[in-house]
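With mmCIF, C-alpha atoms and all ligand atoms inside, this is run-v4.cif:
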```cif
data_data
#
loop_
_atom_site.label_atom_id
_atom_site.label_comp_id
_atom_site.auth_asym_id
_atom_site.auth_seq_id
_atom_site.Cartn_x
_atom_site.Cartn_y
_atom_site.Cartn_z
CA MET D 1 -107.74 67.84 -6.06
CA ILE D 2 -104.29 67.12 -7.41
CA SER D 3 -101.37 69.55 -7.23
CA LEU D 4 -98.76 69.83 -9.94
CA VAL D 5 -95.29 70.90 -8.85
CA VAL D 6 -93.00 72.28 -11.54
CA PRO D 7 -89.48 73.56 -10.82
CA ILE D 8 -88.44 76.14 -13.39
CA TYR D 9 -84.98 77.48 -14.09
CA ASN D 10 -84.40 79.54 -17.21
CA GLU D 11 -87.20 77.93 -19.17
CA GLN D 12 -88.66 80.98 -20.92
CA SER D 13 -88.49 79.24 -24.29
CA ALA D 14 -90.02 75.98 -23.06
CA LEU D 15 -92.73 77.23 -20.75
CA SER D 16 -95.61 78.13 -23.02
CA GLY D 17 -95.31 74.95 -25.07
CA PHE D 18 -95.24 72.94 -21.89
CA TRP D 19 -98.30 74.66 -20.51
CA GLN D 20 -100.34 74.21 -23.68
CA ASN D 21 -99.51 70.54 -23.74
CA LEU D 22 -100.36 70.19 -20.06
CA GLU D 23 -103.72 71.88 -20.37
CA GLN D 24 -104.57 69.74 -23.37
CA CYS D 25 -103.69 66.52 -21.60
CA LEU D 26 -105.68 67.39 -18.49
CA ALA D 27 -108.70 68.97 -20.22
CA GLY D 28 -110.61 65.70 -20.47
CA SER D 29 -110.04 64.77 -16.84
CA ASP D 30 -112.74 65.23 -14.23
CA THR D 31 -110.15 65.71 -11.49
CA GLN D 32 -109.46 69.21 -10.22
CA PHE D 33 -105.95 70.54 -10.49
CA GLU D 34 -103.82 73.30 -9.07
CA ALA D 35 -100.28 74.07 -10.15
CA VAL D 36 -97.35 75.30 -8.11
CA LEU D 37 -94.64 76.81 -10.30
CA ILE D 38 -91.32 77.53 -8.66
CA ASP D 39 -88.96 79.93 -10.34
CA ASP D 40 -85.58 78.76 -9.09
CA GLY D 41 -83.87 82.13 -9.53
CA SER D 42 -84.10 82.25 -13.31
CA THR D 43 -82.02 84.92 -14.99
CA ASP D 44 -84.17 85.02 -18.12
CA SER D 45 -87.79 86.13 -18.35
CA SER D 46 -89.26 82.93 -16.86
CA TRP D 47 -90.91 84.81 -13.99
CA ALA D 48 -92.72 87.16 -16.38
CA ALA D 49 -93.80 84.11 -18.38
CA ILE D 50 -95.12 82.45 -15.22
CA LYS D 51 -97.07 85.56 -14.28
CA SER D 52 -98.70 85.76 -17.66
CA LEU D 53 -99.54 82.04 -17.51
CA ALA D 54 -101.15 82.63 -14.12
CA ASN D 55 -103.41 85.26 -15.66
CA ASP D 56 -105.02 83.14 -18.34
CA SER D 57 -104.56 79.53 -17.36
CA THR D 58 -107.52 77.20 -16.89
CA ILE D 59 -105.59 75.55 -14.06
CA PRO D 60 -105.20 77.79 -10.99
CA ILE D 61 -101.56 78.68 -10.47
CA LYS D 62 -99.54 79.43 -7.37
CA ALA D 63 -96.07 80.71 -8.09
CA ILE D 64 -92.98 81.06 -5.94
CA ARG D 65 -89.87 82.93 -6.87
CA PHE D 66 -86.57 82.20 -5.16
CA SER D 67 -84.15 85.02 -4.44
CA ARG D 68 -81.48 83.16 -6.41
CA ASN D 69 -80.83 79.74 -7.89
CA PHE D 70 -81.06 77.22 -5.04
CA GLY D 71 -81.26 74.09 -7.16
CA LYS D 72 -83.98 71.72 -8.22
CA GLU D 73 -84.19 69.86 -4.89
CA ALA D 74 -84.96 73.10 -3.05
CA ALA D 75 -87.53 74.03 -5.69
CA ILE D 76 -89.29 70.67 -5.38
CA LEU D 77 -89.44 71.03 -1.59
CA ALA D 78 -90.82 74.57 -1.74
CA GLY D 79 -93.37 73.43 -4.29
CA LEU D 80 -94.52 70.45 -2.23
CA ARG D 81 -94.89 72.68 0.83
CA ALA D 82 -97.27 74.90 -1.10
CA THR D 83 -99.49 72.06 -2.31
CA THR D 84 -102.95 71.47 -0.90
CA GLY D 85 -104.13 68.57 -3.08
CA GLN D 86 -104.71 64.98 -1.98
CA ALA D 87 -101.80 64.08 -4.21
CA ALA D 88 -98.95 65.93 -5.90
CA VAL D 89 -97.29 65.33 -9.25
CA VAL D 90 -93.72 66.60 -9.58
CA MET D 91 -92.54 67.17 -13.15
CA ASP D 92 -90.02 69.06 -15.32
CA ALA D 93 -91.04 72.02 -17.42
CA ASP D 94 -89.19 70.99 -20.57
CA LEU D 95 -91.69 68.31 -21.73
CA GLN D 96 -89.17 65.56 -20.98
CA HIS D 97 -91.77 64.39 -18.51
CA PRO D 98 -94.75 63.99 -20.86
CA PRO D 99 -97.96 65.40 -19.33
CA ALA D 100 -99.87 62.73 -21.27
CA LEU D 101 -98.71 60.27 -18.63
CA ILE D 102 -100.46 62.09 -15.77
CA PRO D 103 -103.98 60.62 -16.25
CA GLN D 104 -102.47 57.13 -16.16
CA MET D 105 -100.56 57.95 -12.97
CA ILE D 106 -103.71 59.30 -11.37
CA GLU D 107 -105.60 56.13 -12.29
CA HIS D 108 -103.03 53.99 -10.49
CA TRP D 109 -103.25 56.20 -7.43
CA GLN D 110 -107.06 56.21 -7.42
CA SER D 111 -107.17 52.44 -7.49
CA GLY D 112 -106.37 52.52 -3.76
CA LYS D 113 -103.32 51.28 -1.88
CA ILE D 114 -100.71 52.89 -4.15
CA LYS D 115 -99.12 55.94 -2.52
CA VAL D 116 -96.31 56.65 -4.96
CA VAL D 117 -96.43 56.38 -8.75
CA GLU D 118 -92.99 56.64 -10.31
CA ALA D 119 -92.44 57.40 -13.96
CA VAL D 120 -89.44 55.36 -15.04
CA LYS D 121 -87.38 56.12 -18.13
CA ARG D 122 -87.49 53.20 -20.54
CA LYS D 123 -84.20 54.08 -22.17
CA ARG D 124 -81.93 57.05 -22.01
CA GLN D 125 -82.10 58.95 -25.24
CA ASP D 126 -79.97 61.46 -27.12
CA GLU D 127 -77.24 61.37 -24.54
CA SER D 128 -73.62 60.80 -25.39
CA ALA D 129 -72.20 57.33 -24.79
CA LEU D 130 -70.00 58.79 -22.05
CA ARG D 131 -72.97 60.30 -20.21
CA ARG D 132 -74.88 57.03 -20.45
CA LEU D 133 -71.90 55.09 -19.15
CA GLY D 134 -71.51 57.60 -16.32
CA ALA D 135 -75.17 57.23 -15.40
CA ARG D 136 -74.95 53.42 -15.44
CA LEU D 137 -71.84 53.49 -13.27
CA TYR D 138 -73.40 55.94 -10.84
CA TYR D 139 -76.60 53.92 -10.39
CA ARG D 140 -74.50 50.78 -9.89
CA LEU D 141 -72.48 52.49 -7.19
CA PHE D 142 -75.56 53.98 -5.57
CA ASN D 143 -77.32 50.63 -5.56
CA LEU D 144 -74.27 48.86 -4.20
CA SER D 145 -73.69 51.33 -1.38
CA SER D 146 -77.24 52.17 -0.33
CA GLY D 147 -79.06 48.97 -1.30
CA MET D 148 -81.67 51.01 -3.21
CA LYS D 149 -82.32 50.44 -6.89
CA LEU D 150 -82.85 53.70 -8.74
CA ASP D 151 -81.99 52.77 -12.35
CA GLY D 152 -84.07 54.74 -14.78
CA ALA D 153 -85.68 56.66 -11.94
CA SER D 154 -86.71 60.22 -12.66
CA ASP D 155 -88.11 63.07 -10.61
CA PHE D 156 -91.44 62.61 -12.41
CA LYS D 157 -93.59 61.18 -9.62
CA LEU D 158 -97.03 61.25 -8.15
CA LEU D 159 -97.07 61.27 -4.36
CA ASP D 160 -100.08 60.73 -2.17
CA ARG D 161 -100.69 63.38 0.51
CA ALA D 162 -99.33 60.97 3.12
CA ALA D 163 -96.05 60.66 1.22
CA VAL D 164 -95.88 64.42 0.58
CA ASP D 165 -96.32 65.16 4.29
CA GLN D 166 -93.67 62.63 5.26
CA TYR D 167 -91.27 64.01 2.67
CA ILE D 168 -91.76 67.58 3.89
CA ALA D 169 -91.29 66.47 7.50
CA LEU D 170 -87.88 64.90 6.85
CA PRO D 171 -85.29 66.84 8.85
CA GLU D 172 -82.33 66.85 6.48
CA VAL D 173 -81.01 69.82 4.60
CA GLY D 174 -79.29 67.80 1.86
CA ARG D 175 -82.16 66.26 -0.05
CA TYR D 176 -82.40 63.79 -2.89
CA PHE D 177 -85.99 63.52 -4.04
CA ARG D 178 -85.50 60.36 -6.10
CA GLY D 179 -83.78 58.48 -3.30
CA LEU D 180 -85.85 59.74 -0.39
CA THR D 181 -89.22 58.94 -1.96
CA THR D 182 -88.00 55.35 -2.33
CA TRP D 183 -86.59 55.43 1.19
CA LEU D 184 -90.00 56.42 2.59
CA GLY D 185 -91.10 52.94 1.64
CA PHE D 186 -94.72 53.63 0.67
CA GLU D 187 -96.50 51.25 -1.68
CA ALA D 188 -95.18 52.24 -5.09
CA ILE D 189 -95.76 51.36 -8.70
CA ALA D 190 -93.76 52.27 -11.79
CA VAL D 191 -95.07 53.42 -15.14
CA GLU D 192 -92.63 53.44 -18.02
CA PHE D 193 -92.10 56.22 -20.51
CA ASP D 194 -89.69 57.11 -23.29
CA PRO D 195 -88.09 60.40 -22.37
CA PRO D 196 -88.37 62.72 -25.37
CA SER D 197 -85.66 65.29 -25.91
CA ARG D 198 -86.08 68.79 -24.52
CA ASN D 199 -88.62 70.90 -26.42
CA ALA D 200 -86.52 74.05 -26.05
CA GLY D 201 -83.50 75.42 -24.22
CA GLU D 202 -80.79 73.12 -22.93
CA SER D 203 -80.09 70.88 -19.97
CA HIS D 204 -78.71 72.61 -16.88
CA TRP D 205 -76.48 69.80 -15.70
CA GLY D 206 -72.87 69.95 -16.78
CA ALA D 207 -70.44 67.11 -16.13
CA GLY D 208 -69.00 68.81 -13.04
CA HIS D 209 -72.44 69.33 -11.57
CA LEU D 210 -73.37 65.69 -12.15
CA LEU D 211 -70.17 64.48 -10.50
CA ARG D 212 -70.85 66.60 -7.41
CA LEU D 213 -74.39 65.29 -7.32
CA ALA D 214 -73.19 61.70 -7.53
CA ARG D 215 -70.73 62.24 -4.68
CA SER D 216 -73.15 63.97 -2.33
CA THR D 217 -76.08 61.61 -2.95
CA ILE D 218 -73.98 58.52 -2.32
CA ILE D 219 -72.47 60.06 0.80
CA SER D 220 -75.83 61.03 2.20
CA PHE D 221 -77.33 57.59 1.65
CA SER D 222 -74.48 55.34 2.67
CA SER D 223 -71.50 55.02 4.96
CA LEU D 224 -70.15 52.09 2.95
CA PRO D 225 -67.27 54.17 1.49
CA LEU D 226 -66.02 54.77 5.03
CA ARG D 227 -66.23 51.09 5.82
CA ILE D 228 -64.29 50.29 2.65
CA VAL D 229 -61.44 52.41 3.99
CA THR D 230 -61.52 50.35 7.17
CA TRP D 231 -61.34 47.15 5.11
CA PHE D 232 -58.38 48.51 3.18
CA GLY D 233 -56.76 49.36 6.49
CA LEU D 234 -57.29 45.83 7.78
CA ALA D 235 -55.97 44.27 4.59
CA GLY D 236 -52.96 46.57 4.81
CA LEU D 237 -52.37 45.52 8.42
CA ILE D 238 -52.38 41.81 7.57
CA PHE D 239 -50.07 42.44 4.62
CA SER D 240 -47.70 44.48 6.76
CA LEU D 241 -47.55 41.76 9.43
CA GLY D 242 -46.35 39.30 6.78
CA LEU D 243 -43.89 41.83 5.49
CA THR D 244 -42.55 42.56 8.99
CA ILE D 245 -41.75 38.90 9.49
CA GLN D 246 -40.04 38.72 6.11
CA THR D 247 -38.05 41.90 6.78
CA LEU D 248 -36.84 40.68 10.15
CA TRP D 249 -35.93 37.31 8.68
CA TYR D 250 -33.87 38.99 5.92
CA LYS D 251 -32.11 41.16 8.49
CA TRP D 252 -31.10 38.14 10.58
CA GLN D 253 -29.87 36.38 7.45
CA GLY D 254 -27.67 39.39 6.68
CA TYR D 255 -29.08 40.59 3.30
CA ALA D 256 -31.16 43.53 4.32
CA GLU D 257 -30.47 46.25 1.65
CA ALA D 258 -32.19 44.44 -1.22
CA GLY D 259 -35.65 45.70 -0.23
CA PHE D 260 -35.21 49.36 -1.17
CA PRO D 261 -37.82 49.38 -4.01
CA THR D 262 -40.28 47.76 -1.61
CA VAL D 263 -39.80 50.65 0.81
CA ILE D 264 -40.49 53.23 -1.87
CA LEU D 265 -43.57 51.37 -3.08
CA LEU D 266 -44.90 50.94 0.43
CA ILE D 267 -44.48 54.62 1.25
CA LEU D 268 -46.29 55.59 -1.96
CA VAL D 269 -49.12 53.13 -1.57
CA MET D 270 -49.69 53.70 2.13
CA GLY D 271 -49.34 57.46 1.77
CA SER D 272 -51.95 57.69 -0.94
CA MET D 273 -54.29 55.35 0.88
CA ILE D 274 -54.05 57.47 4.02
CA LEU D 275 -54.74 60.64 2.07
CA LEU D 276 -57.67 59.02 0.28
CA GLY D 277 -59.11 57.89 3.60
CA LEU D 278 -58.68 61.35 5.09
CA GLY D 279 -60.31 62.96 2.08
CA LEU D 280 -63.25 60.62 2.34
CA ILE D 281 -63.70 61.35 6.03
CA GLY D 282 -63.52 65.02 5.08
CA GLU D 283 -66.41 64.55 2.66
CA TYR D 284 -68.56 63.13 5.41
CA ILE D 285 -67.58 65.91 7.79
CA ALA D 286 -68.49 68.49 5.14
CA GLU D 287 -71.88 66.85 4.80
CA ILE D 288 -72.35 66.82 8.59
CA TYR D 289 -71.34 70.48 8.70
CA ARG D 290 -73.93 71.35 6.07
CA GLU D 291 -76.59 69.52 8.08
CA VAL D 292 -75.78 71.01 11.47
CA LYS D 293 -75.84 74.56 10.14
CA ARG D 294 -79.57 74.09 9.58
CA ARG D 295 -79.68 76.76 6.94
CA PRO D 296 -82.97 77.03 5.10
CA LEU D 297 -82.87 75.34 1.72
CA TYR D 298 -84.15 78.39 -0.07
CA ILE D 299 -85.25 81.98 0.35
CA ILE D 300 -88.47 83.13 -1.23
CA ALA D 301 -88.35 86.55 -2.84
CA GLN D 302 -91.87 86.71 -4.22
CA SER D 303 -94.97 84.60 -4.42
CA LEU D 304 -98.27 84.56 -6.27
CA PRO D 305 -100.98 84.99 -5.16
CA SER D 306 -99.19 87.45 -2.89
CA PRO D 307 -98.50 86.27 0.69
CA GLY D 308 -101.58 87.95 2.18
CA ASP D 309 -103.86 85.90 -0.06
CA ILE D 310 -102.63 82.46 0.86
CA ASP D 311 -101.90 80.77 4.11
CA ASP D 312 -98.15 80.82 4.23
CA THR D 313 -97.16 79.95 7.75
CA ASP D 314 -94.05 77.85 7.59
CA ARG D 315 -93.45 78.78 3.99
CA LYS D 316 -91.01 81.63 4.39
CA GLN D 317 -88.14 79.34 5.11
CA GLY D 318 -86.97 76.01 3.85
N1 LIG X 1 -84.22 73.10 -12.71
C1 LIG X 1 -84.35 73.87 -11.55
N2 LIG X 1 -83.22 74.36 -10.95
C2 LIG X 1 -81.96 74.12 -11.43
C3 LIG X 1 -81.83 73.31 -12.59
C4 LIG X 1 -82.98 72.82 -13.20
O1 LIG X 1 -85.45 74.11 -11.09
O2 LIG X 1 -80.98 74.59 -10.84
C5 LIG X 1 -85.44 72.57 -13.37
C6 LIG X 1 -85.53 72.84 -14.87
O3 LIG X 1 -86.14 74.08 -15.14
C7 LIG X 1 -86.38 71.68 -15.36
C8 LIG X 1 -85.98 70.56 -14.41
O4 LIG X 1 -85.43 71.18 -13.26
O5 LIG X 1 -87.78 71.94 -15.20
C9 LIG X 1 -84.98 69.61 -15.05
O6 LIG X 1 -83.85 70.33 -15.55
P1 LIG X 1 -83.11 69.90 -16.88
O7 LIG X 1 -84.10 69.67 -17.96
O8 LIG X 1 -82.06 70.91 -17.12
O9 LIG X 1 -82.44 68.53 -16.44
P2 LIG X 1 -82.32 67.18 -17.30
O10 LIG X 1 -83.64 66.94 -17.96
O11 LIG X 1 -81.22 67.40 -18.25
O12 LIG X 1 -82.02 66.15 -16.25
MG MG X 2 -84.77 68.10 -18.95
#
```

Have the structure of the file written as structure tokens, please.
Amino acid sequence: MISLVVPIYNEQSALSGFWQNLEQCLAGSDTQFEAVLIDDGSTDSSWAAIKSLANDSTIPIKAIRFSRNFGKEAAILAGLRATTGQAAVVMDADLQHPPALIPQMIEHWQSGKIKVVEAVKRKRQDESALRRLGARLYYRLFNLSSGMKLDGASDFKLLDRAAVDQYIALPEVGRYFRGLTTWLGFEAIAVEFDPPSRNAGESHWGAGHLLRLARSTIISFSSLPLRIVTWFGLAGLIFSLGLTIQTLWYKWQGYAEAGFPTVILLILVMGSMILLGLGLIGEYIAEIYREVKRRPLYIIAQSLPSPGDIDDTDRKQG
């Protein structure tokens, strides 16, 4: 059996179209499926839509409802925890991850060795030039600092049970599905797809949200930024040694006042570099703080079938 994991946040307008398409694409398959739908604290009628889907779907549905919006990463984790299949497919509910690709992903997985099948975006569509540039820049930075190549990566992935179990067992609170599944290092293969535009509703990621995501993912995968500060410090030290010699020399020669602009510049440059370094250290401390608090990633308010019907040890908390 294969489990489908679908995080859902305010997708009332997209859900039924998505489900129809999904059922169509999987109808011909002789594999068994189950679906885990996670309502990530939607404020629209997504939960009602999920419940009605659960009533008359040909694919058995488990549903989880968070007490509030905890974010897609939390939803993916909760979904994976609820899966029982030999493999799990994580996908979006807005048809930007075409269900038609699933049979192909399953084929790769069934061929043996492959533990992770990643759907990779062929090109980024209907996004503004600025957003595309931002994405390129971010993946560059991520690659440079963590040594992992994620260009074009999406959250549309098939994971073998082994990979699912390892992912669930990871201890960290701050999670990045795309990065961590690569980090696990299982035998992986990529299948390409052209991401269509959303079938309904709109994307949930504003520019501010994306910036925060970029910052926290890079910080949690790399300490290179901290080391860069050290390098700047070393370069500054060497520079200041040279400058000290020059300053002393000028003083002995008797023309000391001329360097006033240099003093101002040095104070400005050094001051801002110190502040930048402090801020960066602060970012890491904030991340450490978030980790040591060990708060659950999500709180479940409701689930279907109701808790008595399914084995839910370990599922109350993230
Ligand atoms: N999503 C979620 N929680 C959130 C934001 C999004 O579960 O806080 C879900 C959303 O319902 C969709 C998927 O994550 O199924 C991708 O979201 P979206 O389409 O907005 O992102 P984009 O495709 O623009 O990257
Ligand atoms: Mg989308």

**OP:** Tell me, in Å to one decimal, how far CA of Ala153 (chain D) is from CA of Glu287 (chain D).
**Re:** 24.0 Å

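With distances restricted to only C-alpha atoms and all ligand atoms, D:Ala93 is the closest residue to ligand LIG 1 (chain X) from D:Ile2, D:Ala235, D:Leu141, D:Ala93.
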
Original post:
For Glu23 (chain D), which of D:Ile228, D:Val6, D:Ile50, D:Ile59 is the closest residue, counting all atoms listed in the file?
Top reply: D:Ile59

Hey, could you pull the box centre and edge lengths for ligand LIG 1 (chain X), axis-aligned, 4 Å padding per side, all listed atoms, to one decimal in Å, as lines of an AutoDock Vina configuration file?
```
center_x = -84.4
center_y = 70.4
center_z = -14.5
size_x = 14.8
size_y = 16.4
size_z = 15.4
```

Write out as an mmCIF file with C-alpha atoms, in the coordinates of the input each polymer residue (protein, DNA or RNA) that has an atom no more than 12 Å from ligand MG 2 (chain X), with only C-alpha atoms and all ligand atoms counted.
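Below is the file out_37.cif, written as the result:
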```cif
data_model
loop_
_atom_site.group_PDB
_atom_site.id
_atom_site.type_symbol
_atom_site.label_atom_id
_atom_site.label_comp_id
_atom_site.auth_asym_id
_atom_site.auth_seq_id
_atom_site.Cartn_x
_atom_site.Cartn_y
_atom_site.Cartn_z
ATOM 1 C CA VAL D 6 -93.000 72.280 -11.540
ATOM 2 C CA PRO D 7 -89.480 73.560 -10.820
ATOM 3 C CA ILE D 8 -88.440 76.140 -13.390
ATOM 4 C CA TYR D 9 -84.980 77.480 -14.090
ATOM 5 C CA ASN D 10 -84.400 79.540 -17.210
ATOM 6 C CA GLU D 11 -87.200 77.930 -19.170
ATOM 7 C CA ALA D 14 -90.020 75.980 -23.060
ATOM 8 C CA PHE D 18 -95.240 72.940 -21.890
ATOM 9 C CA LYS D 72 -83.980 71.720 -8.220
ATOM 10 C CA MET D 91 -92.540 67.170 -13.150
ATOM 11 C CA ASP D 92 -90.020 69.060 -15.320
ATOM 12 C CA ALA D 93 -91.040 72.020 -17.420
ATOM 13 C CA ASP D 94 -89.190 70.990 -20.570
ATOM 14 C CA LEU D 95 -91.690 68.310 -21.730
ATOM 15 C CA GLN D 96 -89.170 65.560 -20.980
ATOM 16 C CA HIS D 97 -91.770 64.390 -18.510
ATOM 17 C CA PRO D 98 -94.750 63.990 -20.860
ATOM 18 C CA ARG D 124 -81.930 57.050 -22.010
ATOM 19 C CA GLN D 125 -82.100 58.950 -25.240
ATOM 20 C CA ASP D 126 -79.970 61.460 -27.120
ATOM 21 C CA GLU D 127 -77.240 61.370 -24.540
ATOM 22 C CA SER D 154 -86.710 60.220 -12.660
ATOM 23 C CA ASP D 155 -88.110 63.070 -10.610
ATOM 24 C CA PHE D 156 -91.440 62.610 -12.410
ATOM 25 C CA PRO D 195 -88.090 60.400 -22.370
ATOM 26 C CA PRO D 196 -88.370 62.720 -25.370
ATOM 27 C CA SER D 197 -85.660 65.290 -25.910
ATOM 28 C CA ARG D 198 -86.080 68.790 -24.520
ATOM 29 C CA ASN D 199 -88.620 70.900 -26.420
ATOM 30 C CA ALA D 200 -86.520 74.050 -26.050
ATOM 31 C CA GLY D 201 -83.500 75.420 -24.220
ATOM 32 C CA GLU D 202 -80.790 73.120 -22.930
ATOM 33 C CA SER D 203 -80.090 70.880 -19.970
ATOM 34 C CA HIS D 204 -78.710 72.610 -16.880
ATOM 35 C CA TRP D 205 -76.480 69.800 -15.700
#
```

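Of the listed residues D:Ser272, D:Gln166, D:Ser220, D:Gln302, the one whose atoms come nearest to Thr181 (chain D) is D:Gln166, with distances taken using all atoms listed in the file.
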
Original post:
Of the candidates D:Ile114, D:Met1, D:Leu268, D:Ile219, which shows the shortest atom-to-atom distance to Ile281 (chain D), using all atoms listed in the file?
Top reply: D:Ile219

**OP:** Would you mind telling me which residue in D:Val117, D:Leu213, D:Leu22, D:Val5 lies nearest to Gly174 (chain D) when using only C-alpha atoms?
**Re:** D:Leu213

**OP:** Rank nothing, just name the residue among D:Trp109, D:Phe177, D:Phe260, D:Phe70 nearest to Val191 (chain D), using all atoms listed in the file.
**Re:** D:Trp109

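CA of Arg161 (chain D) to CA of Ser29 (chain D) spans 19.8 Å [interatomic distance, one decimal].
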
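CA of Leu4 (chain D) to CA of Cys25 (chain D) spans 13.1 Å [interatomic distance, one decimal].
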
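Here the selection is built from only C-alpha atoms, and the residues within 12 Å of (-96.4, 86.6, -13.3) turn out to be Leu37, Ile38, Asp39, Ser45, Ser46, Trp47, Ala48, Ala49, Ile50, Lys51, Ser52, Leu53, Ala54, Asn55, Asp56, Ser57, Ile61, Lys62, Ala63, Ile64, Arg65, Gln302, Ser303, Leu304, Pro305 and Ser306 of chain D.
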
Subject >> Sphere at (-87.8, 53.7, -18.0), radius 7 Å, counting all atoms listed in the file: residues as a ChimeraX atom specification >> reply: /D:120-123,152,192-194
